[in-house]
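Below is one structure, written out as structure tokens; comments come after it.
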Amino acid sequence: MAYLTPTALQAALPELESLAATLAREAGIEAMRMRAEGVSVAATKSSDIDIVTYADRATEARITAALRAARPDDGILGEEGASAEGASGITWVIDPIDGTVNYLYDQPAYVVSIAATVADPLAFADGRRAVAGAVYAPRFDELFSAHTGGGSRLNGSVLNVSDVATPAHALVATGFGYTVERKHEQLVLLTRLLPRIRDIRRLGAAAYDLCSLAAGRVDAFYEKGLQPWDYAAGALIASEAGAMILGADEQTAPGEPLLFAGNETLVTKIRDIVRGL
Ligand code: IPD
Ligand code: CA
């Protein structure tokens, strides 16, 4: 397959969403089955509490094998190291288990996140933008999915972000990283925000936070230090549900160092507070 033209890409979007949804569901069910048999840590990453389990690796291997079979010309980027150059212009960005610490503790909020992305230097900090994607939470049997311009769905029902416009009334999701330095930085931001909002939710999986935003279960989300696989599918699902996705300031694309999401009125106010303005 040659490089997809914009028209061919547009026509393929529903099919890409459907593939992401099928693979996320299958992989999520398999990850949940593995968890019922126990869990073991395979390695640590940025710190000794940043873990990867054998299930993370097996789930990523399963998804990448299925993608290579279905779409051999597409590229692949996975959290646990999967990497392939593509020729079609599409790169699949995969978080095989987002919420790995939840998975370790058998807390139910873990998800599989799969997004088809295209190069877009300005949209996100990593220079790619999701055009179709899915997030599956196997313990809740919740399948979130979207494609550009097609709205977003949870198990087939259309999603809309909340219209809460006042930070004082907003429930805001966020997350924390795995290094002491990163946690200190995140604590400074949280210290500014927490006294000004209704409450914070720390669900434990950024992809699930963004889907929760899409479903109106939280009013906004922000995090410092996300990686592309944490937000690729979730940011598309949130934005197709009406969220605006912002970076650290007007000049900076969302992603690393910061990503904010929520309805337009609220998200700009939340960002101002987090920035200390
Ligand atoms: C983490 C989760 C968490 C977020 C961290 C991520 P992982 O991903 O999304 O909610 O706060 O920044 O690293 O390690 O569970 O795949
Ligand atoms: Ca992740």
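Each chain in the structure tokens gets a letter, A, B, ..., in the order shown, and its residues are numbered from 1; ligands are numbered from 1 in order too.
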**Request:** Determine, counting only C-alpha atoms, which protein, DNA and RNA residues have an atom within 12 Å of an atom of stretch 48-55 of chain A; residues of the same chain fewer than 3 positions away are not included. Present the result as a ChimeraX atom specification.
**Result:** /A:27-45,58-62,79-81,95-105,112,176-180
Store the residues picked out above in a file with N, CA and C atoms, as a short mmCIF file (atom, residue, chain, number, x, y, z; two decimals), in the first residue's frame.
```cif
data_model
loop_
_atom_site.label_atom_id
_atom_site.label_comp_id
_atom_site.auth_asym_id
_atom_site.auth_seq_id
_atom_site.Cartn_x
_atom_site.Cartn_y
_atom_site.Cartn_z
N ALA A 27 -7.69 -7.68 23.20
CA ALA A 27 -6.49 -7.63 24.04
C ALA A 27 -6.86 -7.37 25.50
N GLY A 28 -7.87 -6.54 25.72
CA GLY A 28 -8.29 -6.25 27.09
C GLY A 28 -8.86 -7.46 27.78
N ILE A 29 -9.65 -8.22 27.05
CA ILE A 29 -10.24 -9.44 27.64
C ILE A 29 -9.13 -10.44 27.98
N GLU A 30 -8.14 -10.54 27.11
CA GLU A 30 -7.02 -11.45 27.36
C GLU A 30 -6.18 -10.96 28.56
N ALA A 31 -5.96 -9.64 28.65
CA ALA A 31 -5.21 -9.10 29.80
C ALA A 31 -5.95 -9.38 31.10
N MET A 32 -7.27 -9.24 31.08
CA MET A 32 -8.07 -9.51 32.28
C MET A 32 -8.00 -11.00 32.64
N ARG A 33 -8.02 -11.86 31.63
CA ARG A 33 -7.91 -13.30 31.87
C ARG A 33 -6.55 -13.62 32.50
N MET A 34 -5.49 -12.98 31.96
CA MET A 34 -4.15 -13.21 32.54
C MET A 34 -4.09 -12.74 33.98
N ARG A 35 -4.72 -11.59 34.26
CA ARG A 35 -4.67 -11.04 35.62
C ARG A 35 -5.34 -11.99 36.63
N ALA A 36 -6.37 -12.70 36.17
CA ALA A 36 -7.07 -13.64 37.07
C ALA A 36 -6.14 -14.78 37.47
N GLU A 37 -5.11 -15.02 36.68
CA GLU A 37 -4.15 -16.09 37.00
C GLU A 37 -2.98 -15.59 37.82
N GLY A 38 -2.95 -14.27 38.08
CA GLY A 38 -1.85 -13.68 38.85
C GLY A 38 -1.13 -12.65 38.01
N VAL A 39 -0.14 -12.01 38.65
CA VAL A 39 0.59 -10.96 37.94
C VAL A 39 2.05 -11.04 38.34
N SER A 40 2.96 -10.83 37.40
CA SER A 40 4.36 -10.74 37.81
C SER A 40 5.07 -9.62 37.06
N VAL A 41 5.92 -8.93 37.82
CA VAL A 41 6.66 -7.79 37.30
C VAL A 41 7.81 -8.31 36.46
N ALA A 42 7.93 -7.81 35.21
CA ALA A 42 9.00 -8.26 34.32
C ALA A 42 10.24 -7.39 34.45
N ALA A 43 10.03 -6.07 34.70
CA ALA A 43 11.17 -5.13 34.74
C ALA A 43 10.68 -3.82 35.33
N THR A 44 11.64 -2.94 35.65
CA THR A 44 11.30 -1.57 36.03
C THR A 44 11.86 -0.63 34.97
N LYS A 45 11.29 0.61 34.94
CA LYS A 45 11.68 1.54 33.87
C LYS A 45 12.31 2.80 34.47
N ALA A 58 3.02 -9.12 26.79
CA ALA A 58 2.25 -10.08 26.00
C ALA A 58 1.11 -9.37 25.26
N THR A 59 0.50 -8.39 25.93
CA THR A 59 -0.62 -7.67 25.31
C THR A 59 -0.12 -6.83 24.13
N GLU A 60 1.03 -6.16 24.33
CA GLU A 60 1.58 -5.37 23.21
C GLU A 60 1.95 -6.28 22.04
N ALA A 61 2.54 -7.45 22.34
CA ALA A 61 2.93 -8.38 21.26
C ALA A 61 1.71 -8.86 20.49
N ARG A 62 0.63 -9.12 21.21
CA ARG A 62 -0.60 -9.60 20.58
C ARG A 62 -1.18 -8.53 19.64
N GLU A 79 4.22 1.41 23.92
CA GLU A 79 4.87 1.82 25.17
C GLU A 79 5.98 0.86 25.58
N GLU A 80 5.79 -0.42 25.34
CA GLU A 80 6.78 -1.40 25.81
C GLU A 80 7.85 -1.70 24.76
N GLY A 81 7.96 -0.86 23.73
CA GLY A 81 9.11 -0.98 22.83
C GLY A 81 8.79 -1.36 21.40
N ASP A 95 -0.88 1.73 23.92
CA ASP A 95 -0.58 1.51 25.34
C ASP A 95 -1.24 0.19 25.70
N PRO A 96 -0.46 -0.89 25.82
CA PRO A 96 -1.09 -2.21 25.97
C PRO A 96 -1.88 -2.33 27.27
N ILE A 97 -1.33 -1.78 28.37
CA ILE A 97 -2.10 -1.67 29.61
C ILE A 97 -1.80 -0.29 30.18
N ASP A 98 -2.76 0.62 30.05
CA ASP A 98 -2.60 1.91 30.72
C ASP A 98 -3.27 1.77 32.08
N GLY A 99 -2.52 2.14 33.11
CA GLY A 99 -2.97 1.84 34.47
C GLY A 99 -2.29 0.58 34.97
N THR A 100 -1.02 0.45 34.66
CA THR A 100 -0.29 -0.77 35.03
C THR A 100 -0.25 -0.98 36.54
N VAL A 101 -0.19 0.12 37.31
CA VAL A 101 -0.18 -0.04 38.78
C VAL A 101 -1.56 -0.54 39.25
N ASN A 102 -2.63 -0.04 38.62
CA ASN A 102 -3.96 -0.59 38.94
C ASN A 102 -3.99 -2.09 38.64
N TYR A 103 -3.43 -2.45 37.49
CA TYR A 103 -3.40 -3.87 37.08
C TYR A 103 -2.63 -4.70 38.12
N LEU A 104 -1.51 -4.16 38.57
CA LEU A 104 -0.69 -4.87 39.57
C LEU A 104 -1.49 -5.15 40.83
N TYR A 105 -2.26 -4.17 41.26
CA TYR A 105 -3.01 -4.27 42.51
C TYR A 105 -4.42 -4.84 42.32
N VAL A 112 -6.82 -0.84 27.66
CA VAL A 112 -5.97 -0.98 26.48
C VAL A 112 -6.28 0.20 25.57
N PHE A 176 -0.01 11.22 38.20
CA PHE A 176 1.34 11.50 38.69
C PHE A 176 2.32 10.50 38.08
N GLY A 177 3.54 10.95 37.90
CA GLY A 177 4.56 10.09 37.30
C GLY A 177 5.25 9.21 38.33
N TYR A 178 6.39 8.68 37.93
CA TYR A 178 7.04 7.65 38.75
C TYR A 178 8.36 8.09 39.36
N THR A 179 8.83 9.31 39.03
CA THR A 179 10.09 9.74 39.63
C THR A 179 9.83 10.81 40.69
N VAL A 180 10.73 10.89 41.65
CA VAL A 180 10.59 11.86 42.74
C VAL A 180 10.54 13.28 42.17
#
```
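Our summary of the geometry notes that atom CA of A:Ala116 is positioned 4.5 Å from atom CA of A:Trp92.
Checking A:Ala11, A:Val111, A:Ala69, A:Leu193 one by one against ligand 1, counting only C-alpha atoms and all ligand atoms, you find the shortest gap at A:Val111.
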**Message:** So that I can check the surroundings of A:Ile245, please list as a list in words every protein, DNA and RNA residue that reaches within 7 Å of it, counting only C-alpha atoms and ignoring chain neighbours fewer than 3 positions away.
**Reply:** Ser239, Pro254, Leu259, Phe260, Ala261 and Gly262 of chain A
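If only C-alpha atoms and all ligand atoms are the atoms counted, then among A:Leu67, A:Ala170, A:Ala20, A:Ala232 the closest residue to ligand 2 is A:Ala232.
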**Message:** Would you pick out the contacts of A:Leu19 at 10 Å or less, using only C-alpha atoms, so that residues sharing its chain but fewer than 3 positions from it are not included, and give the list as an MDAnalysis selection string?
**Reply:** chainID A and resid 13:16 22:25 66:67 70:71 114:116 132:134
**Asked** Which residues in stretch 190-261 of chain A does DSSP call strand (DSSP E or B)? List them as a PyMOL selection string.
**Response** chain A and resi 199-201+220-224+244-246+258-261
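Distances to ligand 2 were evaluated for A:Glu181, A:Asp74, A:Glu240, A:Asp56 using only C-alpha atoms and all ligand atoms, and the minimum falls at A:Asp56.
Residues surrounding A:Leu171 within 10 Å are A:Val164, A:Leu194, A:Ile197, A:Arg198, A:Asp199, A:Ile200, A:Arg201, A:Leu213, A:Gly216, A:Arg217, A:Val218, A:Asp219, A:Ala220, A:Phe221 [only C-alpha atoms; sequence separation below 5 positions excluded].
Between atom 8 (O, counted along the ligand's line) of ligand 1 and atom CA of A:Ala243 the interatomic distance comes to 21.2 Å.
Proximity ranking of A:Ala82, A:Leu77, A:Leu236, A:Ile270 relative to A:Ser145 places A:Leu236 first, based on only C-alpha atoms.
Note that atom 12 (O, counted along the ligand's line) of ligand 1 and atom CA of A:Leu226 are 5.2 Å apart.
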**Prompt:** Quick one: DSSP helix (DSSP H, G or I) residues in stretch 48-255 of chain A, as a PyMOL selection string?
**Reply:** chain A and resi 54-70+100-105+167-169+180-196+206-214+228-240
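If you measure from each of A:Leu122, A:Val135, A:Ala241, A:Ala173 to ligand 2 using only C-alpha atoms and all ligand atoms, the closest one turns out to be A:Val135.
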**Asked** Near A:Arg153, counting only C-alpha atoms, which residues have an atom at most 12 Å away, once you skip same-chain residues fewer than 4 positions from it, shown as a PyMOL selection string?
**Response** chain A and resi 17-18+21+132-136+142-147+157-161+211-212+214-215+234+236-241
